[in-house]
file coords31.txt (compact mmCIF, C-alpha atoms and all ligand atoms)
# COMPACT_ATOMS: atom_id res chain seq x y z
CA LYS A 1 -44.46 28.89 -23.82
CA SER A 2 -44.21 26.01 -21.34
CA LYS A 3 -42.74 23.97 -24.15
CA ASP A 4 -39.93 26.48 -24.45
CA THR A 5 -39.09 26.32 -20.76
CA GLY A 6 -39.00 22.56 -20.94
CA LYS A 7 -36.66 22.71 -23.86
CA ASN A 8 -34.40 25.19 -22.12
CA LYS A 9 -34.28 23.05 -19.01
CA TYR A 10 -33.41 20.05 -21.09
CA THR A 11 -30.63 21.95 -22.82
CA LEU A 12 -29.25 23.14 -19.48
CA PHE A 13 -29.25 19.62 -18.08
CA ASP A 14 -27.55 18.43 -21.25
CA VAL A 15 -24.81 21.01 -20.94
CA THR A 16 -24.11 20.08 -17.33
CA MET A 17 -23.84 16.42 -18.22
CA GLU A 18 -21.60 17.25 -21.11
CA GLU A 19 -19.36 19.34 -18.87
CA GLU A 20 -19.11 16.51 -16.39
CA LEU A 21 -18.26 14.05 -19.13
CA ASN A 22 -15.66 16.47 -20.45
CA ARG A 23 -14.07 16.85 -17.04
CA ASN A 24 -14.08 13.08 -16.57
CA SER A 25 -12.35 12.44 -19.88
CA LEU A 26 -9.96 15.32 -19.20
CA ILE A 27 -8.98 13.76 -15.86
CA THR A 28 -8.75 10.30 -17.44
CA GLU A 29 -6.26 11.75 -19.93
CA VAL A 30 -4.29 13.39 -17.13
CA LEU A 31 -4.21 10.08 -15.22
CA ARG A 32 -3.10 8.18 -18.32
CA HIS A 33 0.01 10.34 -18.58
CA ALA A 34 0.56 11.21 -14.91
CA ILE A 35 3.50 8.85 -14.43
CA ALA A 36 5.26 9.71 -17.70
CA ASN A 37 4.75 13.44 -17.06
CA SER A 38 5.85 13.25 -13.40
CA GLU A 39 2.52 14.69 -12.27
CA ILE A 40 2.03 11.99 -9.63
CA TYR A 41 3.62 12.11 -6.19
CA VAL A 42 3.01 10.81 -2.68
CA VAL A 43 2.50 12.62 0.63
CA TYR A 44 2.86 10.92 4.01
CA GLN A 45 0.68 11.49 7.07
CA PRO A 46 2.08 10.45 10.46
CA GLN A 47 0.23 7.87 12.58
CA TYR A 48 0.89 8.34 16.26
CA ASN A 49 0.62 5.69 18.97
CA ILE A 50 -1.05 7.50 21.89
CA ARG A 51 -0.44 4.64 24.35
CA LYS A 52 3.29 4.45 23.71
CA GLU A 53 3.54 8.18 22.93
CA LYS A 54 5.49 7.62 19.75
CA LEU A 55 5.23 7.68 15.98
CA SER A 56 4.16 4.24 14.76
CA GLY A 57 3.95 4.80 11.03
CA PHE A 58 2.42 6.88 8.28
CA GLU A 59 -0.19 6.68 5.54
CA ALA A 60 0.82 7.18 1.92
CA LEU A 61 -1.64 9.39 0.02
CA MET A 62 -1.60 9.77 -3.76
CA ARG A 63 -1.43 13.24 -5.26
CA ILE A 64 -1.79 14.42 -8.88
CA ASN A 65 -0.72 17.90 -9.91
CA ASN A 66 -1.42 18.88 -13.51
CA PRO A 67 -0.23 22.19 -15.00
CA LYS A 68 -3.68 22.92 -16.51
CA LEU A 69 -6.05 21.42 -13.89
CA GLY A 70 -3.89 22.11 -10.85
CA GLU A 71 -3.91 19.90 -7.77
CA LEU A 72 -6.62 17.25 -8.18
CA ASN A 73 -8.77 16.06 -5.27
CA PRO A 74 -8.32 12.30 -4.57
CA ASP A 75 -12.06 12.00 -3.87
CA GLU A 76 -12.58 13.09 -7.49
CA PHE A 77 -9.73 11.34 -9.31
CA ILE A 78 -9.56 8.00 -7.45
CA PRO A 79 -13.07 6.90 -8.63
CA ILE A 80 -12.18 7.94 -12.20
CA ALA A 81 -8.90 6.01 -11.94
CA GLU A 82 -10.87 2.97 -10.77
CA GLU A 83 -13.46 3.20 -13.55
CA SER A 84 -10.83 3.60 -16.24
CA GLY A 85 -8.62 0.86 -14.79
CA MET A 86 -5.75 3.35 -14.41
CA ILE A 87 -5.72 2.72 -10.64
CA THR A 88 -3.77 -0.51 -11.18
CA GLU A 89 -0.80 1.32 -12.68
CA LEU A 90 -1.03 4.41 -10.46
CA GLY A 91 -1.52 2.32 -7.33
CA GLU A 92 1.51 0.20 -8.16
CA TRP A 93 3.56 3.38 -8.61
CA VAL A 94 2.43 4.64 -5.18
CA LEU A 95 3.24 1.26 -3.60
CA ARG A 96 6.76 1.20 -5.03
CA GLU A 97 7.44 4.83 -4.12
CA SER A 98 6.10 4.34 -0.56
CA CYS A 99 8.17 1.19 0.01
CA ARG A 100 11.27 2.96 -1.32
CA PHE A 101 10.61 5.89 1.02
CA ASN A 102 10.19 3.66 4.09
CA LYS A 103 13.36 1.73 3.20
CA ASN A 104 15.15 5.08 3.05
CA LEU A 105 13.89 5.81 6.59
CA ILE A 106 15.13 2.41 7.78
CA ASP A 107 18.55 3.22 6.31
CA HIS A 108 18.52 6.38 8.43
CA GLY A 109 17.86 4.37 11.59
CA PHE A 110 14.06 4.58 11.77
CA ASP A 111 13.30 0.90 11.37
CA THR A 112 10.06 0.47 13.29
CA LEU A 113 7.75 2.55 11.10
CA THR A 114 4.94 1.03 9.06
CA VAL A 115 3.92 2.58 5.76
CA SER A 116 0.18 2.16 5.08
CA VAL A 117 -0.83 2.15 1.43
CA ASN A 118 -4.45 2.35 0.22
CA ILE A 119 -5.43 -0.50 -2.09
CA SER A 120 -8.40 -0.38 -4.45
CA SER A 121 -10.65 -3.40 -5.02
CA VAL A 122 -9.58 -3.19 -8.67
CA GLN A 123 -5.98 -3.91 -7.61
CA LEU A 124 -6.88 -6.59 -5.09
CA SER A 125 -8.97 -8.53 -7.60
CA LYS A 126 -6.05 -8.85 -10.04
CA ALA A 127 -4.71 -12.43 -10.04
CA ASN A 128 -1.09 -11.22 -9.98
CA PHE A 129 -1.53 -8.77 -7.08
CA ILE A 130 0.47 -10.88 -4.58
CA GLU A 131 3.23 -11.29 -7.14
CA ILE A 132 3.37 -7.49 -7.69
CA ILE A 133 3.68 -6.89 -3.92
CA GLU A 134 6.39 -9.54 -3.57
CA ASN A 135 8.33 -7.99 -6.44
CA ILE A 136 8.09 -4.50 -4.97
CA LEU A 137 9.28 -5.70 -1.55
CA GLU A 138 12.21 -7.49 -3.15
CA GLU A 139 13.07 -4.59 -5.44
CA THR A 140 12.97 -1.98 -2.66
CA ASP A 141 14.41 -4.32 -0.01
CA LEU A 142 11.67 -3.33 2.46
CA PRO A 143 10.85 -5.96 5.14
CA ALA A 144 7.21 -7.10 4.82
CA ARG A 145 6.52 -6.13 8.45
CA ASN A 146 7.12 -2.46 7.53
CA LEU A 147 4.26 -2.51 5.02
CA GLU A 148 0.54 -2.27 5.74
CA LEU A 149 -2.25 -2.33 3.17
CA GLU A 150 -5.47 -0.39 3.77
CA VAL A 151 -8.66 -1.83 2.32
CA THR A 152 -12.24 -0.66 2.80
CA GLU A 153 -15.31 -2.62 3.67
CA SER A 154 -16.68 -2.11 0.16
CA THR A 155 -13.49 -3.65 -1.24
CA LEU A 156 -14.19 -6.72 0.84
CA VAL A 157 -17.83 -6.86 -0.24
CA SER A 158 -17.14 -6.49 -3.94
CA SER A 159 -14.93 -9.58 -4.02
CA LEU A 160 -15.69 -11.45 -0.82
CA THR A 161 -14.06 -14.89 -1.14
CA ASN A 162 -11.25 -13.76 -3.39
CA ALA A 163 -10.40 -10.83 -1.12
CA SER A 164 -10.05 -12.97 1.97
CA VAL A 165 -7.78 -15.45 0.15
CA GLN A 166 -5.61 -12.64 -1.23
CA LEU A 167 -5.39 -10.88 2.14
CA SER A 168 -4.45 -14.13 3.92
CA SER A 169 -1.58 -14.69 1.49
CA LEU A 170 -0.39 -11.14 2.12
CA GLN A 171 -0.56 -11.65 5.90
CA GLU A 172 1.46 -14.84 5.54
CA LEU A 173 4.17 -12.75 3.90
CA GLY A 174 4.22 -10.62 7.07
CA ILE A 175 2.27 -7.68 5.68
CA MET A 176 -0.30 -5.98 7.94
CA ILE A 177 -3.89 -5.40 6.84
CA SER A 178 -5.93 -2.42 7.96
CA LEU A 179 -9.71 -1.96 7.53
CA ASP A 180 -10.15 1.67 6.43
CA ASP A 181 -13.20 3.94 6.88
CA PHE A 182 -14.67 1.46 9.35
CA GLY A 183 -18.37 1.97 10.00
CA THR A 184 -19.22 3.71 6.72
CA GLY A 185 -19.50 0.68 4.44
CA TYR A 186 -21.81 -2.29 4.36
CA SER A 187 -20.16 -3.29 7.57
CA SER A 188 -21.26 -6.60 8.82
CA LEU A 189 -19.69 -7.99 11.95
CA ASN A 190 -19.16 -11.13 9.89
CA TYR A 191 -16.24 -9.46 8.16
CA LEU A 192 -14.48 -8.87 11.40
CA THR A 193 -14.48 -12.54 12.27
CA ASN A 194 -13.85 -13.91 8.79
CA MET A 195 -11.44 -11.43 7.29
CA PRO A 196 -7.71 -11.42 7.93
CA ILE A 197 -7.27 -7.97 9.51
CA ASN A 198 -4.75 -6.48 11.96
CA THR A 199 -6.03 -2.93 12.40
CA LEU A 200 -9.37 -1.11 12.41
CA LYS A 201 -9.49 2.50 11.28
CA ILE A 202 -12.44 4.39 12.72
CA ASP A 203 -13.79 6.71 10.06
CA LYS A 204 -13.46 10.46 10.52
CA SER A 205 -17.26 10.87 10.47
CA PHE A 206 -17.48 9.17 13.89
CA ILE A 207 -14.62 11.24 15.27
CA ASN A 208 -15.93 14.67 14.16
CA ASN A 209 -18.56 15.06 16.89
CA ILE A 210 -17.09 12.71 19.48
CA CYS A 211 -17.00 15.56 22.05
CA SER A 212 -20.43 17.09 21.46
CA ASN A 213 -22.46 14.03 20.52
CA ASP A 214 -22.77 11.38 23.18
CA LYS A 215 -24.00 8.78 20.68
CA ASP A 216 -20.91 9.24 18.48
CA ALA A 217 -18.69 8.93 21.53
CA ARG A 218 -20.41 5.68 22.46
CA ILE A 219 -20.05 4.33 18.92
CA ALA A 220 -16.33 5.12 18.93
CA SER A 221 -15.90 3.54 22.35
CA GLY A 222 -17.87 0.50 21.17
CA ILE A 223 -15.70 0.08 18.08
CA ILE A 224 -12.54 0.33 20.20
CA ASN A 225 -13.75 -2.33 22.66
CA LEU A 226 -14.95 -4.57 19.86
CA ALA A 227 -11.59 -4.33 18.09
CA HIS A 228 -9.63 -5.03 21.27
CA SER A 229 -11.79 -8.04 22.09
CA MET A 230 -10.79 -9.39 18.67
CA LYS A 231 -7.09 -8.63 19.27
CA LEU A 232 -7.07 -5.86 16.69
CA GLU A 233 -5.41 -2.48 17.04
CA VAL A 234 -7.54 0.64 16.53
CA ILE A 235 -6.63 3.89 14.88
CA ALA A 236 -8.86 6.98 14.77
CA GLU A 237 -8.61 9.07 11.61
CA GLY A 238 -9.29 12.77 11.16
CA VAL A 239 -8.50 13.83 14.73
CA GLU A 240 -8.26 17.63 14.70
CA LYS A 241 -8.88 18.84 18.26
CA SER A 242 -7.27 18.10 21.60
CA GLU A 243 -10.73 17.46 23.12
CA GLN A 244 -11.21 14.62 20.63
CA LEU A 245 -7.81 13.23 21.54
CA GLU A 246 -8.74 13.24 25.23
CA VAL A 247 -11.95 11.28 24.58
CA LEU A 248 -10.01 8.76 22.48
CA ARG A 249 -7.38 8.38 25.19
CA LYS A 250 -10.11 7.81 27.76
CA HIS A 251 -11.53 5.01 25.63
CA LYS A 252 -8.08 3.40 25.18
CA CYS A 253 -7.76 4.02 21.43
CA ASP A 254 -4.29 2.82 20.32
CA MET A 255 -3.41 5.27 17.57
CA ILE A 256 -4.49 8.49 15.93
CA GLN A 257 -3.99 10.13 12.55
CA GLY A 258 -5.10 13.69 11.92
CA TYR A 259 -4.33 17.36 11.56
CA ILE A 260 -3.90 17.69 15.34
CA TYR A 261 -0.63 15.84 14.92
CA SER A 262 0.23 16.55 11.29
CA LYS A 263 -1.18 17.06 7.81
CA PRO A 264 0.11 14.78 5.04
CA LEU A 265 3.72 15.81 4.35
CA LEU A 266 6.12 15.85 1.41
CA PRO A 267 9.06 13.45 1.90
CA HIS A 268 11.54 16.17 2.94
CA ALA A 269 9.07 17.64 5.45
CA PHE A 270 8.48 14.17 6.88
CA PHE A 271 12.23 13.80 7.39
CA ASP A 272 12.21 17.16 9.17
CA ILE A 273 9.79 15.95 11.85
CA LEU A 274 11.96 12.86 12.45
CA ILE A 275 15.26 14.68 12.50
CA PRO A 276 14.61 18.13 13.97
CA ASP A 277 16.62 20.79 12.20
CA PRO A 278 19.54 21.66 14.53
CA PHE A 279 19.41 25.26 13.29
CA LYS A 280 15.76 25.53 14.36
CA GLU A 281 16.68 24.14 17.78
CA ASP A 282 19.42 26.75 18.05
CA CYS A 283 16.81 29.39 17.29
CA ASN A 284 14.50 27.98 19.96
CA ALA A 285 17.34 27.95 22.45
CA LEU A 286 18.16 31.54 21.54
CA THR A 287 14.53 32.60 21.91
CA ALA A 288 14.31 30.82 25.25
CA ALA A 289 17.60 32.39 26.36
CA SER A 290 16.49 35.87 25.32
CA LYS A 291 13.36 35.48 27.45
CA MET A 292 15.32 34.66 30.57
P1 LIG B 301 -8.48 7.66 3.36
O1 LIG B 301 -7.66 6.47 2.98
O2 LIG B 301 -9.55 7.45 4.37
O3 LIG B 301 -7.43 8.77 3.81
C1 LIG B 301 -7.65 9.69 4.83
C2 LIG B 301 -8.05 11.04 4.28
O4 LIG B 301 -8.36 11.92 5.34
C3 LIG B 301 -6.94 11.72 3.46
O5 LIG B 301 -7.56 12.49 2.44
C4 LIG B 301 -6.33 12.65 4.51
O6 LIG B 301 -5.64 13.74 3.95
C5 LIG B 301 -7.56 13.09 5.26
N1 LIG B 301 -7.29 13.52 6.63
C6 LIG B 301 -6.43 13.01 7.52
N2 LIG B 301 -6.49 13.65 8.69
C7 LIG B 301 -7.43 14.61 8.57
C8 LIG B 301 -7.95 15.62 9.45
O7 LIG B 301 -7.57 15.75 10.61
N3 LIG B 301 -8.92 16.43 8.94
C9 LIG B 301 -9.38 16.31 7.66
N4 LIG B 301 -10.34 17.15 7.25
N5 LIG B 301 -8.91 15.37 6.81
C10 LIG B 301 -7.94 14.53 7.26
P2 LIG B 301 -7.04 12.49 0.93
O8 LIG B 301 -5.56 12.47 0.91
O9 LIG B 301 -7.76 13.59 0.24
O10 LIG B 301 -7.54 11.11 0.36
C11 LIG B 301 -8.90 10.83 0.23
C12 LIG B 301 -9.14 9.38 -0.10
O11 LIG B 301 -8.60 9.05 -1.39
C13 LIG B 301 -8.45 8.41 0.85
O12 LIG B 301 -9.20 8.28 2.05
C14 LIG B 301 -8.43 7.14 0.02
O13 LIG B 301 -9.67 6.50 0.07
C15 LIG B 301 -8.20 7.70 -1.38
N6 LIG B 301 -6.76 7.59 -1.73
C16 LIG B 301 -5.74 8.44 -1.48
N7 LIG B 301 -4.57 7.95 -1.95
C17 LIG B 301 -4.85 6.74 -2.51
C18 LIG B 301 -4.07 5.73 -3.17
O14 LIG B 301 -2.84 5.81 -3.31
N8 LIG B 301 -4.76 4.62 -3.63
C19 LIG B 301 -6.11 4.48 -3.47
N9 LIG B 301 -6.70 3.36 -3.97
N10 LIG B 301 -6.86 5.39 -2.84
C20 LIG B 301 -6.24 6.52 -2.37
MG MG B 302 -6.64 5.10 4.02
MG MG B 303 -10.05 6.37 5.88
MG MG B 304 -11.81 7.81 3.00

call {"tool": "encode", "arguments": {"input": "coords31.txt", "output": "C-alpha cells"}}
result
Amino acid sequence: KSKDTGKNKYTLFDVTMEEELNRNSLITEVLRHAIANSEIYVVYQPQYNIRKEKLSGFEALMRINNPKLGELNPDEFIPIAEESGMITELGEWVLRESCRFNKNLIDHGFDTLTVSVNISSVQLSKANFIEIIENILEETDLPARNLELEVTESTLVSSLTNASVQLSSLQELGIMISLDDFGTGYSSLNYLTNMPINTLKIDKSFINNICSNDKDARIASGIINLAHSMKLEVIAEGVEKSEQLEVLRKHKCDMIQGYIYSKPLLPHAFFDILIPDPFKEDCNALTAASKM
C-alpha cells in the first residue's frame, strides 16, 4: 500500500515538472516570435526628482502580450528570455524603441528627460554591446546624456572585470549608469568604489516598511548618505504611500519612482501627463466654476 502512495506522489511530482517545462517551452516559443508578431511593447514609468519637484526621467519596462497566454509577467519571462538567449534580441528592441520614444519627446520640447533601460548580464557580456548602443543612438538621433542603463549587482558579479570595462566605455560616451535593486544582491561596498555608476536605486523591499520599521528606515537613510558621500544620486523605487515619501524627503533622497506618482504608462498616456489635455482642464475649470 505504501508503495502505491509513493508511486502516486512520484507521478504527481512528475506531472508538475512536466507542466512547468511545458510552460517554459511555451513562453520560449512566444518570446522567439514576439517581435515578428508585434506582441512586444514598452511601458514607461515616470521618475520624479523630489528635490527639484520635477520629472527627471522614466524607466522603460518590457511587456509581452500573447493572444493565448495573455499578458506575461516580466518576473516570469525575463529569466526565460535570459536562459534561452532571447534577451539579447528583445532587449535590443526595447532599447531602440525607448531611445526613439525619448527622441520623440525631445522633438516636442522635453529635452531634459532620461530614459532608463534595464540591461541583462547576457547583453552586457556580449563583445559588441557598445557597438549596438552606439548604433542605436546614431539611428534614433538620441543624445547619449538622455540615456541611462540599469544594471543589477548580480550583473556586476557575474562578469566582474568585463562589466566594469564595458560600463566605463558607456560612461565615456555620456551614458548614465544606474545600479538597480540595490541592497538585494551580493552587494559588496567594493562595487560602489570600483564600478562606474551614477545612480543608486534603493530596492522596493527596503521602501515597503520604511514608515513602520525603524531598521528599514535607517537602512534607507544609510544608503542615501552613502550614495551622496560617493557623489551618486539616489532613487527610491516602489514608493506607494505619501508617508513613505515624507520619510524619503526627510532623508534627502533625490528621486522617487512608484505608484504614488504613476504606474508604468503606454506612450500616449505618458504624453498626456506631460501635455495636459486642454479639454480636461476645461472640465476642471467648469467643475471649479460650478462649485463657486
Ligand atoms: P525593476 O527594473 O526593478 O523594475 C521595477 C519594477 O517595479 C517594475 O516591475 C515596476 O512596474 C514595479 N514598480 C514600480 N513602482 C511600483 C510600486 O509603487 N509598487 C509596486 N508594487 N511595483 C512597482 P515590472 O515591470 O513587472 O518588471 C519587473 C522586472 O523585470 C524589472 O524590475 C526588471 O528587472 C525586469 N525587466 C523589465 N523590463 C525589462 C527589460 O526591458 N530588460 C530586462 N533585462 N529586464 C527587464
Ligand atoms: Mg530597473
Ligand atoms: Mg529595481
Ligand atoms: Mg527588480

call {"tool": "residues_around", "arguments": {"input": "coords31.txt", "residues": "region 254-257 of chain A", "least_positions_apart": "2", "cutoff": "7 Å", "atoms": "only C-alpha atoms", "output": "list in words"}}
result
Pro46, Gln47, Tyr48, Asn49, Ile50, Arg51, Glu233, Val234, Ile235, Ala236, Glu237, Gly238, Val239 and Lys252 of chain A

call {"tool": "write_last_selection", "arguments": {"input": "coords31.txt", "atoms": "C-alpha atoms", "output": "PDB file, in the coordinates of the input"}}
result
ATOM      1  CA  PRO A  46       2.080  10.450  10.460  1.00  0.00           C
ATOM      2  CA  GLN A  47       0.230   7.870  12.580  1.00  0.00           C
ATOM      3  CA  TYR A  48       0.890   8.340  16.260  1.00  0.00           C
ATOM      4  CA  ASN A  49       0.620   5.690  18.970  1.00  0.00           C
ATOM      5  CA  ILE A  50      -1.050   7.500  21.890  1.00  0.00           C
ATOM      6  CA  ARG A  51      -0.440   4.640  24.350  1.00  0.00           C
ATOM      7  CA  GLU A 233      -5.410  -2.480  17.040  1.00  0.00           C
ATOM      8  CA  VAL A 234      -7.540   0.640  16.530  1.00  0.00           C
ATOM      9  CA  ILE A 235      -6.630   3.890  14.880  1.00  0.00           C
ATOM     10  CA  ALA A 236      -8.860   6.980  14.770  1.00  0.00           C
ATOM     11  CA  GLU A 237      -8.610   9.070  11.610  1.00  0.00           C
ATOM     12  CA  GLY A 238      -9.290  12.770  11.160  1.00  0.00           C
ATOM     13  CA  VAL A 239      -8.500  13.830  14.730  1.00  0.00           C
ATOM     14  CA  LYS A 252      -8.080   3.400  25.180  1.00  0.00           C
TER      15      LYS A 252
END

call {"tool": "residues_near_ligand", "arguments": {"input": "coords31.txt", "ligand": "ligand MG 304 (chain B)", "cutoff": "10 Å", "atoms": "all atoms listed in the file", "output": "list of chain:residue names"}}
result
A:Pro74, A:Asp75, A:Asn118, A:Thr152, A:Asp180, A:Asp181, A:Phe182, A:Thr184, A:Asp203, A:Lys204, A:Ser205, A:Glu237, A:Gly238

call {"tool": "atom_distance", "arguments": {"input": "coords31.txt", "atom1": "CA of Ile197 (chain A)", "atom2": "atom O3 of ligand LIG 301 (chain B)"}}
result
17.7 Å

call {"tool": "residues_near_ligand", "arguments": {"input": "coords31.txt", "ligand": "ligand LIG 301 (chain B)", "cutoff": "9 Å", "atoms": "all atoms listed in the file", "output": "PyMOL selection string"}}
result
chain A and resi 42-45+59-63+73-79+81-82+87-88+90-95+117-123+150-152+180-181+201+203-204+208+237-241+257-264

call {"tool": "atom_distance", "arguments": {"input": "coords31.txt", "atom1": "CA of Arg145 (chain A)", "atom2": "CA of Ile175 (chain A)"}}
result
5.3 Å

call {"tool": "residues_around", "arguments": {"input": "coords31.txt", "residues": "Asn146 (chain A)", "least_positions_apart": "5", "cutoff": "9 Å", "atoms": "only C-alpha atoms", "output": "ChimeraX atom specification"}}
result
/A:57,99,102-103,111-116,174-176

call {"tool": "closest_residue", "arguments": {"input": "coords31.txt", "among": "A:Ile133, A:Leu245, A:Ala163, A:Cys253", "to": "Leu200 (chain A)", "atoms": "all atoms listed in the file"}}
result
A:Cys253

call {"tool": "closest_residue", "arguments": {"input": "coords31.txt", "among": "A:Lys68, A:Glu18, A:Phe58, A:Thr28", "to": "Leu105 (chain A)", "atoms": "all atoms listed in the file"}}
result
A:Phe58

call {"tool": "atom_distance", "arguments": {"input": "coords31.txt", "atom1": "CA of Leu142 (chain A)", "atom2": "CA of Val165 (chain A)"}}
result
23.0 Å

call {"tool": "closest_residue", "arguments": {"input": "coords31.txt", "among": "A:Val157, A:Asp272, A:Ile177, A:Asn128", "to": "Ala144 (chain A)", "atoms": "only C-alpha atoms"}}
result
A:Ile177

call {"tool": "closest_residue", "arguments": {"input": "coords31.txt", "among": "A:Leu156, A:Asn65, A:Ala36, A:Ile136", "to": "Tyr186 (chain A)", "atoms": "all atoms listed in the file"}}
result
A:Leu156

call {"tool": "closest_residue", "arguments": {"input": "coords31.txt", "among": "A:Val30, A:Leu149, A:Leu179, A:Ile80", "to": "ligand MG 303 (chain B)", "atoms": "only C-alpha atoms and all ligand atoms"}}
result
A:Leu179

call {"tool": "closest_residue", "arguments": {"input": "coords31.txt", "among": "A:Ile275, A:Leu248, A:Leu226, A:Ile202", "to": "ligand MG 303 (chain B)", "atoms": "only C-alpha atoms and all ligand atoms"}}
result
A:Ile202
